[in-house]
Amino acid sequence: MKLATWNVNSLAVRLPQLLDWLAAQQPDVMVLQETKLTDDRFPQPEINTAGWHSVWFGQRTYNGVALLSRSEPADVIRNIPGFDDAQARVIAATLGDLRVIGAYFPNGQAPGSDKFAYKMAWLDALEAWVADELRRHPRLLLMGDFNIAPEDRDVHDPVAWAGQIHCTDEERAHFRALCTLGLVDAFRLFEQPPKSWSWWDYRNLAFRRNQGLRIDHILVSEALRPQVAACRIDKLPRKNERPSDHAPVLVELTG
DNA sequence: ATGACTCCCAGTGGGAGA
């Protein structure tokens with residue numbers, strides 16, 4: 001069982017790359033962020049023709065999420081129940097005996113800003129809801145673009161980024177709070193190459209210089225932890241012509 | 001360097017992302 005997450009930064013632009021990647025990697029479940037498409041423009045025919053079921057939740061210009069799967073998704077939820085949100089950021093579904101939550105966490109812009117306050121409120125609501133989901137579905141994955149670099153080793157220049165967005169104590173405390181619910185960062189269950197990032201700025205030749213952040217994550221519940229066989233970042237799509245600024249992250253489960 | 005790039009919606013510039 002292989003699951004993956006990718007912030008595609010516009011599915012309209014990245015659809016050919018996505019279809020290529022799906023064909024090459026053959027995941028069973030794939031969650032997408034920043035589709036930037038209203039629901040009527042979601043490329044369901046192309047994705048269906050390639051052999052995937054899909055559910056989606058989008059809006060114009062910003063945000064937008066989707067979940068693609070080989071098996072039929074059930075019990076689909078869009079956004080955080082009870083949290084009034086104008087932004088399309090969450091899609092959850094049950095695939096067989098797995099509960100999968102795909103999420104595009106708010107960016108937060110800058111500490112102290114209105115957008116940062118929204119990020120904190122959104123994280124509070126997410127934690128309460130995920131706790132609830134975990135009680136109902138012990139076999140759960142929370143995966144997506146977290147917009148949080150959990151530790152200094154997830155940052156190419158921790159001194160320059162200290163206290164900056166993605167690296168504040170408040171954001172990192174929220175990441176740990178999610179783990180305290182009974183989730184673990186699948187990437188850190190394994191030895192990884194140093195300087196492993198999932199995002200590189202488009203500017204400054206950041207990818208060529210490997211100056212990035214690890215902000216895309218796959219958290220797995222304690223019940224799934226014994227089944228996690230591998231977790232890695234696939235940098236290859238970042239080398240495409242017209243790449244997303246993010247790379248996909250994959251996890252493999254045994255059984 | 002308050003930049004650099006890319007996307008979107010706009011409409012020949014500007015906001016947002018991270």
# chains A, B, ... in the order shown; residues from 1 in each chain; ligands from 1
$ closest_atom_pairs --of "chain A" --to "chain B" --cutoff "9 Å" --atoms "only C-alpha atoms (C1' of nucleotides)" --output "CSV"
residue,atom,partner,partner_atom,distance
A:Asn9,CA,B:DC7,C1',7.5
A:Ser10,CA,B:DC7,C1',7.2
A:Lys36,CA,B:DC8,C1',8.6
A:Arg60,CA,B:DC8,C1',8.8
A:Thr61,CA,B:DC8,C1',5.5
A:Tyr62,CA,B:DC8,C1',8.2
A:Asn107,CA,B:DA18,C1',7.2
A:Gln109,CA,B:DA18,C1',7.9
A:Asn147,CA,B:DA18,C1',7.8
A:Ile165,CA,B:DA18,C1',7.9
A:His166,CA,B:DA18,C1',8.0
A:Trp199,CA,B:DA18,C1',8.4
A:Trp200,CA,B:DA18,C1',8.6
A:Asp201,CA,B:DA18,C1',7.1
A:Tyr202,CA,B:DC5,C1',4.6
A:Arg203,CA,B:DC5,C1',4.7
A:Asn204,CA,B:DA4,C1',5.7
A:Leu205,CA,B:DA4,C1',9.0
A:Arg242,CA,B:DT6,C1',8.7
A:Ser244,CA,B:DT6,C1',8.8
A:Asp245,CA,B:DT6,C1',8.7
$ write_last_selection --atoms "N, CA and C atoms" --output "PDB file, in the first residue's frame"
ATOM      1  N   ASN A   9       0.525  23.200  -6.796  1.00  0.00           N
ATOM      2  CA  ASN A   9       0.520  24.609  -7.173  1.00  0.00           C
ATOM      3  C   ASN A   9      -0.120  24.824  -8.555  1.00  0.00           C
ATOM      4  N   SER A  10      -1.402  24.601  -8.596  1.00  0.00           N
ATOM      5  CA  SER A  10      -2.260  24.695  -9.793  1.00  0.00           C
ATOM      6  C   SER A  10      -2.337  23.351 -10.529  1.00  0.00           C
ATOM      7  N   LYS A  36      -6.290  24.954  -6.944  1.00  0.00           N
ATOM      8  CA  LYS A  36      -6.675  26.276  -7.470  1.00  0.00           C
ATOM      9  C   LYS A  36      -7.761  26.181  -8.544  1.00  0.00           C
ATOM     10  N   ARG A  60     -11.808  29.188  -6.471  1.00  0.00           N
ATOM     11  CA  ARG A  60     -11.098  29.971  -7.457  1.00  0.00           C
ATOM     12  C   ARG A  60      -9.764  30.482  -6.902  1.00  0.00           C
ATOM     13  N   THR A  61      -8.723  30.448  -7.700  1.00  0.00           N
ATOM     14  CA  THR A  61      -7.448  31.151  -7.449  1.00  0.00           C
ATOM     15  C   THR A  61      -6.564  30.546  -6.360  1.00  0.00           C
ATOM     16  N   TYR A  62      -7.150  30.230  -5.207  1.00  0.00           N
ATOM     17  CA  TYR A  62      -6.338  29.780  -4.066  1.00  0.00           C
ATOM     18  C   TYR A  62      -6.809  28.420  -3.553  1.00  0.00           C
ATOM     19  N   ASN A 107      -0.929  29.171   5.248  1.00  0.00           N
ATOM     20  CA  ASN A 107       0.450  29.651   5.200  1.00  0.00           C
ATOM     21  C   ASN A 107       0.784  30.484   6.449  1.00  0.00           C
ATOM     22  N   GLN A 109       1.468  33.665   6.557  1.00  0.00           N
ATOM     23  CA  GLN A 109       2.123  34.913   6.110  1.00  0.00           C
ATOM     24  C   GLN A 109       3.221  35.427   7.035  1.00  0.00           C
ATOM     25  N   ASN A 147       2.766  23.465   5.996  1.00  0.00           N
ATOM     26  CA  ASN A 147       3.330  24.809   6.150  1.00  0.00           C
ATOM     27  C   ASN A 147       3.959  25.003   7.525  1.00  0.00           C
ATOM     28  N   ILE A 165       7.891  32.731   9.570  1.00  0.00           N
ATOM     29  CA  ILE A 165       6.732  31.873   9.288  1.00  0.00           C
ATOM     30  C   ILE A 165       7.210  30.476   8.878  1.00  0.00           C
ATOM     31  N   HIS A 166       6.495  29.481   9.347  1.00  0.00           N
ATOM     32  CA  HIS A 166       6.802  28.036   9.217  1.00  0.00           C
ATOM     33  C   HIS A 166       7.705  27.516  10.331  1.00  0.00           C
ATOM     34  N   TRP A 199      10.088  21.507  -0.096  1.00  0.00           N
ATOM     35  CA  TRP A 199       9.774  22.761  -0.800  1.00  0.00           C
ATOM     36  C   TRP A 199      11.038  23.577  -0.989  1.00  0.00           C
ATOM     37  N   TRP A 200      11.145  24.171  -2.170  1.00  0.00           N
ATOM     38  CA  TRP A 200      12.247  25.071  -2.505  1.00  0.00           C
ATOM     39  C   TRP A 200      11.637  26.300  -3.173  1.00  0.00           C
ATOM     40  N   ASP A 201      12.043  27.475  -2.743  1.00  0.00           N
ATOM     41  CA  ASP A 201      11.566  28.720  -3.350  1.00  0.00           C
ATOM     42  C   ASP A 201      11.863  28.704  -4.851  1.00  0.00           C
ATOM     43  N   TYR A 202      10.952  29.267  -5.624  1.00  0.00           N
ATOM     44  CA  TYR A 202      11.204  29.399  -7.061  1.00  0.00           C
ATOM     45  C   TYR A 202      12.380  30.339  -7.341  1.00  0.00           C
ATOM     46  N   ARG A 203      12.615  31.243  -6.412  1.00  0.00           N
ATOM     47  CA  ARG A 203      13.626  32.282  -6.648  1.00  0.00           C
ATOM     48  C   ARG A 203      15.012  31.820  -6.201  1.00  0.00           C
ATOM     49  N   ASN A 204      16.008  32.567  -6.621  1.00  0.00           N
ATOM     50  CA  ASN A 204      17.376  32.421  -6.084  1.00  0.00           C
ATOM     51  C   ASN A 204      18.036  31.092  -6.406  1.00  0.00           C
ATOM     52  N   LEU A 205      17.562  30.394  -7.436  1.00  0.00           N
ATOM     53  CA  LEU A 205      18.152  29.079  -7.746  1.00  0.00           C
ATOM     54  C   LEU A 205      18.102  28.176  -6.515  1.00  0.00           C
ATOM     55  N   ARG A 242       8.794  23.763 -15.700  1.00  0.00           N
ATOM     56  CA  ARG A 242       7.608  24.303 -15.012  1.00  0.00           C
ATOM     57  C   ARG A 242       7.187  23.409 -13.841  1.00  0.00           C
ATOM     58  N   SER A 244       6.151  22.304  -9.896  1.00  0.00           N
ATOM     59  CA  SER A 244       5.615  22.851  -8.644  1.00  0.00           C
ATOM     60  C   SER A 244       6.794  23.223  -7.761  1.00  0.00           C
ATOM     61  N   ASP A 245       6.576  24.137  -6.829  1.00  0.00           N
ATOM     62  CA  ASP A 245       7.662  24.442  -5.884  1.00  0.00           C
ATOM     63  C   ASP A 245       7.782  23.368  -4.789  1.00  0.00           C
TER      64      ASP A 245
END
$ residues_around --residues "Gln33 (chain A)" --least-positions-apart "2" --cutoff "12 Å" --atoms "only C-alpha atoms (C1' of nucleotides)" --output "ChimeraX atom specification"
/A:4-11,14,30-31,35-37,56-59,62-68,88-91,101-106,143-147,216,244-248
$ closest_residue --among "A:Val251, A:Ala86, A:Leu189, A:Ile148" --to "Asp169 (chain A)" --atoms "only C-alpha atoms"
A:Ile148
$ atom_distance --atom1 "CA of Ala24 (chain A)" --atom2 "CA of Arg99 (chain A)"
24.5 Å
$ select_by_dssp --residues "region 42-253 of chain A" --states "helix (DSSP H, G or I)" --output "ChimeraX atom specification"
/A:44-49,114-136,152-154,158-161,169-180,186-189,225-227,236-239
$ select_by_dssp --residues "region 43-116 of chain A" --states "strand (DSSP E)" --output "list in words"
His53, Ser54, Val55, Trp56, Phe57, Val65, Ala66, Leu67, Leu68, Ser69, Ala74, Asp75, Val76, Ile77, Arg78, Val90, Ile91, Ala92, Ala93, Thr94, Leu95, Leu98, Arg99, Val100, Ile101, Gly102, Ala103 and Tyr104 of chain A
$ write_last_selection --atoms "N, CA and C atoms" --output "mmCIF file, in the first residue's frame"
data_model
loop_
_atom_site.group_PDB
_atom_site.id
_atom_site.type_symbol
_atom_site.label_atom_id
_atom_site.label_comp_id
_atom_site.auth_asym_id
_atom_site.auth_seq_id
_atom_site.Cartn_x
_atom_site.Cartn_y
_atom_site.Cartn_z
ATOM 1 N N HIS A 53 -10.249 6.788 -8.935
ATOM 2 C CA HIS A 53 -11.391 7.487 -8.355
ATOM 3 C C HIS A 53 -10.887 8.832 -7.848
ATOM 4 N N SER A 54 -11.768 9.805 -7.764
ATOM 5 C CA SER A 54 -11.340 11.078 -7.187
ATOM 6 C C SER A 54 -12.497 11.784 -6.511
ATOM 7 N N VAL A 55 -12.149 12.474 -5.437
ATOM 8 C CA VAL A 55 -13.066 13.405 -4.787
ATOM 9 C C VAL A 55 -12.302 14.708 -4.624
ATOM 10 N N TRP A 56 -13.008 15.832 -4.662
ATOM 11 C CA TRP A 56 -12.293 17.105 -4.692
ATOM 12 C C TRP A 56 -13.109 18.176 -4.013
ATOM 13 N N PHE A 57 -12.407 19.252 -3.664
ATOM 14 C CA PHE A 57 -13.031 20.369 -2.957
ATOM 15 C C PHE A 57 -12.167 21.587 -3.233
ATOM 16 N N VAL A 65 -8.232 21.192 -2.636
ATOM 17 C CA VAL A 65 -7.644 19.891 -2.304
ATOM 18 C C VAL A 65 -8.391 18.791 -3.049
ATOM 19 N N ALA A 66 -7.739 17.639 -3.166
ATOM 20 C CA ALA A 66 -8.368 16.495 -3.834
ATOM 21 C C ALA A 66 -7.765 15.219 -3.274
ATOM 22 N N LEU A 67 -8.500 14.124 -3.447
ATOM 23 C CA LEU A 67 -8.026 12.804 -3.018
ATOM 24 C C LEU A 67 -8.301 11.826 -4.148
ATOM 25 N N LEU A 68 -7.232 11.194 -4.616
ATOM 26 C CA LEU A 68 -7.324 10.205 -5.703
ATOM 27 C C LEU A 68 -7.052 8.832 -5.110
ATOM 28 N N SER A 69 -7.774 7.818 -5.576
ATOM 29 C CA SER A 69 -7.571 6.488 -4.998
ATOM 30 C C SER A 69 -7.913 5.409 -6.007
ATOM 31 N N ALA A 74 -15.013 6.349 0.680
ATOM 32 C CA ALA A 74 -16.282 6.389 1.429
ATOM 33 C C ALA A 74 -16.188 7.443 2.533
ATOM 34 N N ASP A 75 -17.349 7.845 3.031
ATOM 35 C CA ASP A 75 -17.421 8.789 4.162
ATOM 36 C C ASP A 75 -16.554 10.022 3.931
ATOM 37 N N VAL A 76 -16.779 10.673 2.800
ATOM 38 C CA VAL A 76 -15.962 11.842 2.424
ATOM 39 C C VAL A 76 -16.382 13.064 3.249
ATOM 40 N N ILE A 77 -15.392 13.762 3.769
ATOM 41 C CA ILE A 77 -15.626 15.001 4.514
ATOM 42 C C ILE A 77 -14.822 16.112 3.860
ATOM 43 N N ARG A 78 -15.469 17.272 3.706
ATOM 44 C CA ARG A 78 -14.796 18.451 3.155
ATOM 45 C C ARG A 78 -14.688 19.520 4.234
ATOM 46 N N VAL A 90 -9.342 20.997 3.282
ATOM 47 C CA VAL A 90 -9.302 19.638 3.833
ATOM 48 C C VAL A 90 -10.233 18.730 3.048
ATOM 49 N N ILE A 91 -9.751 17.514 2.769
ATOM 50 C CA ILE A 91 -10.633 16.472 2.254
ATOM 51 C C ILE A 91 -10.221 15.149 2.909
ATOM 52 N N ALA A 92 -11.219 14.443 3.424
ATOM 53 C CA ALA A 92 -10.954 13.185 4.126
ATOM 54 C C ALA A 92 -11.839 12.098 3.544
ATOM 55 N N ALA A 93 -11.324 10.869 3.555
ATOM 56 C CA ALA A 93 -12.110 9.742 3.060
ATOM 57 C C ALA A 93 -11.599 8.448 3.675
ATOM 58 N N THR A 94 -12.454 7.445 3.655
ATOM 59 C CA THR A 94 -12.071 6.109 4.088
ATOM 60 C C THR A 94 -11.785 5.262 2.856
ATOM 61 N N LEU A 95 -10.605 4.617 2.846
ATOM 62 C CA LEU A 95 -10.220 3.706 1.758
ATOM 63 C C LEU A 95 -9.950 2.352 2.403
ATOM 64 N N LEU A 98 -8.457 2.148 5.984
ATOM 65 C CA LEU A 98 -7.654 3.328 6.303
ATOM 66 C C LEU A 98 -8.501 4.590 6.235
ATOM 67 N N ARG A 99 -8.298 5.468 7.188
ATOM 68 C CA ARG A 99 -8.873 6.802 7.130
ATOM 69 C C ARG A 99 -7.765 7.755 6.691
ATOM 70 N N VAL A 100 -8.003 8.519 5.641
ATOM 71 C CA VAL A 100 -6.983 9.426 5.099
ATOM 72 C C VAL A 100 -7.512 10.851 5.139
ATOM 73 N N ILE A 101 -6.741 11.725 5.756
ATOM 74 C CA ILE A 101 -7.065 13.156 5.769
ATOM 75 C C ILE A 101 -6.000 13.875 4.955
ATOM 76 N N GLY A 102 -6.427 14.535 3.886
ATOM 77 C CA GLY A 102 -5.526 15.362 3.086
ATOM 78 C C GLY A 102 -5.778 16.818 3.435
ATOM 79 N N ALA A 103 -4.705 17.559 3.726
ATOM 80 C CA ALA A 103 -4.897 18.933 4.219
ATOM 81 C C ALA A 103 -3.874 19.900 3.639
ATOM 82 N N TYR A 104 -4.361 21.096 3.358
ATOM 83 C CA TYR A 104 -3.499 22.216 2.994
ATOM 84 C C TYR A 104 -3.575 23.232 4.130
#
$ atom_distance --atom1 "CA of Val220 (chain A)" --atom2 "CA of Thr180 (chain A)"
11.8 Å
$ closest_residue --among "A:Trp197, A:Phe190, A:Tyr118, A:Trp21" --to "Arg153 (chain A)" --atoms "only C-alpha atoms"
A:Trp197
$ atom_distance --atom1 "CA of Gln192 (chain A)" --atom2 "CA of Met1 (chain A)"
20.7 Å
$ decode --residues "region 116-250 of chain A" --atoms "C-alpha atoms" --output "tab-separated table (two decimals), in the first residue's frame"
chain	number	residue	atom	x	y	z
A	116	PHE	CA	-1.27	33.96	11.37
A	117	ALA	CA	-4.23	34.24	13.76
A	118	TYR	CA	-6.34	32.32	11.23
A	119	LYS	CA	-3.62	29.65	11.01
A	120	MET	CA	-3.67	29.24	14.80
A	121	ALA	CA	-7.48	29.02	14.94
A	122	TRP	CA	-7.49	26.56	12.05
A	123	LEU	CA	-4.87	24.40	13.81
A	124	ASP	CA	-6.90	24.42	17.05
A	125	ALA	CA	-9.97	23.25	15.13
A	126	LEU	CA	-7.96	20.65	13.19
A	127	GLU	CA	-6.55	19.14	16.38
A	128	ALA	CA	-9.95	18.81	18.02
A	129	TRP	CA	-11.41	17.21	14.91
A	130	VAL	CA	-8.46	14.85	14.28
A	131	ALA	CA	-8.69	13.68	17.91
A	132	ASP	CA	-12.32	12.83	17.20
A	133	GLU	CA	-11.47	11.11	13.89
A	134	LEU	CA	-8.80	9.03	15.64
A	135	ARG	CA	-11.34	7.74	18.14
A	136	ARG	CA	-13.56	6.59	15.27
A	137	HIS	CA	-10.73	5.50	12.95
A	138	PRO	CA	-7.61	4.22	14.75
A	139	ARG	CA	-5.94	3.45	11.41
A	140	LEU	CA	-5.51	7.03	10.21
A	141	LEU	CA	-3.09	9.15	8.17
A	142	LEU	CA	-2.91	12.94	8.17
A	143	MET	CA	-0.98	14.07	5.13
A	144	GLY	CA	-0.45	17.22	3.15
A	145	ASP	CA	1.24	20.61	3.06
A	146	PHE	CA	1.50	21.53	6.74
A	147	ASN	CA	3.33	24.81	6.15
A	148	ILE	CA	5.30	23.99	9.31
A	149	ALA	CA	8.98	23.00	9.49
A	150	PRO	CA	8.84	20.88	12.66
A	151	GLU	CA	12.50	21.22	13.71
A	152	ASP	CA	15.65	23.14	12.82
A	153	ARG	CA	16.92	20.13	10.86
A	154	ASP	CA	13.95	20.69	8.52
A	155	VAL	CA	15.27	24.14	7.56
A	156	HIS	CA	18.21	24.86	5.25
A	157	ASP	CA	19.21	27.96	7.23
A	158	PRO	CA	17.73	27.75	10.73
A	159	VAL	CA	19.40	30.99	11.83
A	160	ALA	CA	17.90	33.03	8.99
A	161	TRP	CA	14.50	31.35	9.46
A	162	ALA	CA	14.42	31.58	13.28
A	163	GLY	CA	11.03	32.95	14.33
A	164	GLN	CA	9.93	33.32	10.70
A	165	ILE	CA	6.73	31.87	9.29
A	166	HIS	CA	6.80	28.04	9.22
A	167	CYS	CA	9.41	28.02	11.99
A	168	THR	CA	7.79	29.86	14.92
A	169	ASP	CA	7.50	28.25	18.34
A	170	GLU	CA	3.70	28.49	18.08
A	171	GLU	CA	3.56	26.56	14.80
A	172	ARG	CA	6.00	23.94	16.04
A	173	ALA	CA	3.98	23.54	19.23
A	174	HIS	CA	0.93	22.81	17.07
A	175	PHE	CA	2.88	20.20	15.12
A	176	ARG	CA	3.84	18.52	18.41
A	177	ALA	CA	0.23	18.77	19.58
A	178	LEU	CA	-0.85	16.79	16.53
A	179	CYS	CA	1.76	14.14	17.40
A	180	THR	CA	0.53	14.06	20.99
A	181	LEU	CA	-2.88	13.00	19.70
A	182	GLY	CA	-1.24	9.71	18.71
A	183	LEU	CA	0.39	10.49	15.38
A	184	VAL	CA	3.99	10.11	14.29
A	185	ASP	CA	6.01	11.77	11.51
A	186	ALA	CA	6.54	8.83	9.14
A	187	PHE	CA	9.58	10.48	7.53
A	188	ARG	CA	11.48	10.45	10.83
A	189	LEU	CA	10.84	6.75	11.45
A	190	PHE	CA	13.71	6.15	9.04
A	191	GLU	CA	17.23	7.35	8.55
A	192	GLN	CA	17.08	10.09	5.93
A	193	PRO	CA	19.62	12.04	3.93
A	194	PRO	CA	20.59	15.27	5.72
A	195	LYS	CA	19.15	18.41	4.15
A	196	SER	CA	15.96	16.70	3.02
A	197	TRP	CA	13.40	19.30	1.95
A	198	SER	CA	9.96	19.13	0.36
A	199	TRP	CA	9.77	22.76	-0.80
A	200	TRP	CA	12.25	25.07	-2.51
A	201	ASP	CA	11.57	28.72	-3.35
A	202	TYR	CA	11.20	29.40	-7.06
A	203	ARG	CA	13.63	32.28	-6.65
A	204	ASN	CA	17.38	32.42	-6.08
A	205	LEU	CA	18.15	29.08	-7.75
A	206	ALA	CA	16.98	27.62	-4.43
A	207	PHE	CA	16.46	24.11	-5.78
A	208	ARG	CA	19.84	23.98	-7.49
A	209	ARG	CA	21.42	25.17	-4.25
A	210	ASN	CA	19.22	22.80	-2.21
A	211	GLN	CA	17.92	25.65	-0.06
A	212	GLY	CA	14.52	24.52	1.14
A	213	LEU	CA	12.20	23.52	3.95
A	214	ARG	CA	10.53	20.25	4.91
A	215	ILE	CA	6.94	21.38	5.31
A	216	ASP	CA	5.02	18.55	3.58
A	217	HIS	CA	4.37	15.67	5.94
A	218	ILE	CA	2.73	12.30	6.44
A	219	LEU	CA	1.65	11.59	9.99
A	220	VAL	CA	0.47	8.06	10.78
A	221	SER	CA	-1.47	6.84	13.80
A	222	GLU	CA	0.14	4.57	16.39
A	223	ALA	CA	-1.96	1.67	15.12
A	224	LEU	CA	-0.34	2.03	11.68
A	225	ARG	CA	3.19	2.65	12.87
A	226	PRO	CA	4.26	-1.04	12.84
A	227	GLN	CA	3.20	-1.23	9.19
A	228	VAL	CA	5.22	1.72	7.93
A	229	ALA	CA	7.88	0.24	5.63
A	230	ALA	CA	9.29	3.39	4.03
A	231	CYS	CA	8.81	7.13	3.71
A	232	ARG	CA	10.62	9.39	1.29
A	233	ILE	CA	10.51	12.65	-0.62
A	234	ASP	CA	10.64	12.34	-4.42
A	235	LYS	CA	12.69	15.31	-5.63
A	236	LEU	CA	12.47	14.28	-9.27
A	237	PRO	CA	9.31	16.27	-10.19
A	238	ARG	CA	11.02	19.42	-8.92
A	239	LYS	CA	13.45	19.00	-11.84
A	240	ASN	CA	10.63	19.13	-14.40
A	241	GLU	CA	10.17	22.03	-16.74
A	242	ARG	CA	7.61	24.30	-15.01
A	243	PRO	CA	7.71	22.37	-11.73
A	244	SER	CA	5.61	22.85	-8.64
A	245	ASP	CA	7.66	24.44	-5.88
A	246	HIS	CA	6.85	21.36	-3.75
A	247	ALA	CA	7.95	17.74	-4.13
A	248	PRO	CA	5.71	14.73	-3.43
A	249	VAL	CA	6.11	12.71	-0.22
A	250	LEU	CA	5.35	8.98	-0.20
